[in-house]
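Notes to accompany the following structure.
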Amino acid sequence: MAYLFIDTSHLLHFGLLDENFSWIESEVVETKKTSEILHAKVHSLLEKHNIEIASLKGLVTIAGPGSYTGMRVGEGFAQIFELEKLPVFSFYSSDIPEMLGDTDGHWVFPAFKREYYIRTSGEEKLLSEEDFGAFASGVDKSLLYTHGENELSSQCAKDTRDILISRPQSIFKKVISEKMRKRPYYFRPLHVEFKKS
């Protein structure tokens, strides 16, 4: 039996994990049209490995932070699994440094609207371009994490997507054992995102 993994928070990362949380297969697709290809990609993956959805041990998703549309796609997929009474687990990519015991690391990501999201030891904030530049210039690059290829990749020494690919047991074992099910998380609340000017 296997776990299905999908991450639609930034581009598309999906795959199958065995019961020991090792990758059976993992793929990253550079597309902003995740909703158009996700179902076909998952269907092909399951068919290739002769796995029925009903036989999966569960679905694991990244619940954010990420693009608003990406969060909707991933959460919609998770809710379909829940309707079918299949276990769903979810977590934030910004939690990965802490899950690995790194309390000094800073997880950073472009938050759209010329702002940057930073999470450090459970504390989070949004910074303007100018403030982020000052922050990044004063921080040891080895302490900066981001998620997947993005405009901050060259400034960050660590990529949480690469960690998921190279060290899946260290993350997925914790997510499953703690039965994590985090709500989708965008960079700012809706009342701020859609505020009238």
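For the structure tokens, the naming scheme is as follows: chains receive sequential letters (A, B, ...) according to their order of presentation, residues are indexed from 1 within each chain, and ligands are indexed from 1 in presentation order.
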**Item:** Exercise: region 26-35 of chain A partners within 6 Å, only C-alpha atoms, chain neighbours under 4 positions left out, as a list in words
**Value:**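 After dropping sequence-adjacent residues, the list is Leu11, Leu12, His13, Phe14 and Gly15 of chain A.
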With N, CA, C and O atoms retained, could you export that selection as a PDB file, in the first residue's frame?
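Done, and the output landed in part.pdb:
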```pdb
ATOM      1  N   LEU A  11       3.941  25.537  -8.546  1.00  0.00           N
ATOM      2  CA  LEU A  11       4.064  24.571  -9.634  1.00  0.00           C
ATOM      3  C   LEU A  11       3.344  23.282  -9.208  1.00  0.00           C
ATOM      4  O   LEU A  11       2.349  23.350  -8.505  1.00  0.00           O
ATOM      5  N   LEU A  12       3.822  22.123  -9.614  1.00  0.00           N
ATOM      6  CA  LEU A  12       3.180  20.865  -9.252  1.00  0.00           C
ATOM      7  C   LEU A  12       4.245  19.836  -8.915  1.00  0.00           C
ATOM      8  O   LEU A  12       5.144  19.574  -9.710  1.00  0.00           O
ATOM      9  N   HIS A  13       4.139  19.271  -7.734  1.00  0.00           N
ATOM     10  CA  HIS A  13       4.991  18.158  -7.314  1.00  0.00           C
ATOM     11  C   HIS A  13       4.042  17.066  -6.851  1.00  0.00           C
ATOM     12  O   HIS A  13       3.162  17.309  -6.028  1.00  0.00           O
ATOM     13  N   PHE A  14       4.188  15.878  -7.398  1.00  0.00           N
ATOM     14  CA  PHE A  14       3.327  14.770  -7.003  1.00  0.00           C
ATOM     15  C   PHE A  14       4.140  13.481  -7.008  1.00  0.00           C
ATOM     16  O   PHE A  14       5.222  13.417  -7.606  1.00  0.00           O
ATOM     17  N   GLY A  15       3.628  12.463  -6.335  1.00  0.00           N
ATOM     18  CA  GLY A  15       4.333  11.196  -6.322  1.00  0.00           C
ATOM     19  C   GLY A  15       3.664  10.178  -5.427  1.00  0.00           C
ATOM     20  O   GLY A  15       2.622  10.428  -4.836  1.00  0.00           O
TER      21      GLY A  15
END
```
**Request:** If you run DSSP over the backbone, which residues in region 4-177 of chain A end up helix (DSSP H, G or I)? Put them as a ChimeraX atom specification.
**Result:** /A:34-48,53-55,68-83,93-99,129-137,141-143,153-155,160-166,168-177
Output file for the residues above (C-alpha atoms, as a compact mmCIF listing (two decimals), in the first residue's frame):
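As written to disk, part-v6.txt reads:
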```
# COMPACT_ATOMS: atom_id res chain seq x y z
CA THR A 34 -1.97 22.65 -12.35
CA SER A 35 -5.74 22.27 -12.40
CA GLU A 36 -5.63 21.29 -16.09
CA ILE A 37 -3.16 18.43 -15.67
CA LEU A 38 -3.37 17.19 -12.06
CA HIS A 39 -6.06 14.54 -12.54
CA ALA A 40 -4.46 13.11 -15.67
CA LYS A 41 -1.01 13.01 -14.02
CA VAL A 42 -2.34 11.27 -10.91
CA HIS A 43 -4.35 8.80 -13.01
CA SER A 44 -1.26 7.93 -15.10
CA LEU A 45 0.90 7.53 -11.99
CA LEU A 46 -1.56 5.19 -10.27
CA GLU A 47 -2.13 3.21 -13.47
CA LYS A 48 1.63 2.85 -14.07
CA ILE A 53 -7.27 4.86 -5.26
CA ALA A 54 -9.27 2.83 -2.73
CA SER A 55 -6.13 0.87 -1.81
CA TYR A 68 -4.32 31.21 -3.98
CA THR A 69 -5.33 29.11 -7.00
CA GLY A 70 -2.83 26.41 -6.10
CA MET A 71 -4.24 26.15 -2.60
CA ARG A 72 -7.77 25.72 -3.98
CA VAL A 73 -6.67 22.95 -6.35
CA GLY A 74 -4.84 20.99 -3.65
CA GLU A 75 -7.57 21.41 -1.05
CA GLY A 76 -10.27 20.46 -3.57
CA PHE A 77 -8.40 17.23 -4.25
CA ALA A 78 -8.08 16.58 -0.50
CA GLN A 79 -11.78 17.16 0.09
CA ILE A 80 -12.70 14.63 -2.61
CA PHE A 81 -10.56 12.06 -0.80
CA GLU A 82 -12.28 12.91 2.48
CA LEU A 83 -15.71 12.51 0.84
CA SER A 93 6.22 23.65 3.57
CA SER A 94 7.20 26.56 5.84
CA ASP A 95 7.11 24.13 8.80
CA ILE A 96 9.83 21.89 7.31
CA PRO A 97 12.83 23.67 8.90
CA GLU A 98 11.28 23.29 12.37
CA MET A 99 10.25 19.69 11.63
CA GLU A 129 10.63 44.52 -1.23
CA GLU A 130 12.78 47.13 0.47
CA ASP A 131 12.43 45.63 3.95
CA PHE A 132 13.04 42.13 2.62
CA GLY A 133 16.23 43.31 0.89
CA ALA A 134 17.51 44.68 4.20
CA PHE A 135 16.52 41.47 6.00
CA ALA A 136 18.17 39.17 3.41
CA SER A 137 21.40 41.16 3.34
CA LYS A 141 22.40 32.60 3.44
CA SER A 142 22.88 29.14 4.96
CA LEU A 143 19.87 29.87 7.20
CA SER A 153 16.19 30.58 -5.00
CA SER A 154 19.57 32.17 -5.66
CA GLN A 155 19.49 33.84 -2.21
CA THR A 160 12.23 22.51 1.16
CA ARG A 161 11.08 20.79 -2.05
CA ASP A 162 14.55 19.28 -2.45
CA ILE A 163 14.38 18.13 1.18
CA LEU A 164 11.04 16.40 0.51
CA ILE A 165 12.59 14.64 -2.48
CA SER A 166 15.91 13.66 -0.88
CA PRO A 168 11.13 12.01 2.60
CA GLN A 169 11.15 9.83 5.73
CA SER A 170 12.20 12.73 7.97
CA ILE A 171 9.09 14.71 7.02
CA PHE A 172 6.36 12.27 6.00
CA LYS A 173 6.82 9.95 8.99
CA LYS A 174 6.14 12.91 11.31
CA VAL A 175 3.17 14.16 9.28
CA ILE A 176 1.49 10.74 9.26
CA SER A 177 2.30 9.78 12.87
```
**Request:** Please report, as an NGL selection string, each residue of region 33-187 of chain A to which DSSP assigns strand (DSSP E) when run on this structure's backbone.
**Result:** :A and (58-62 or 88-91 or 106-110 or 115-120 or 123-128 or 144-146 or 158-159)
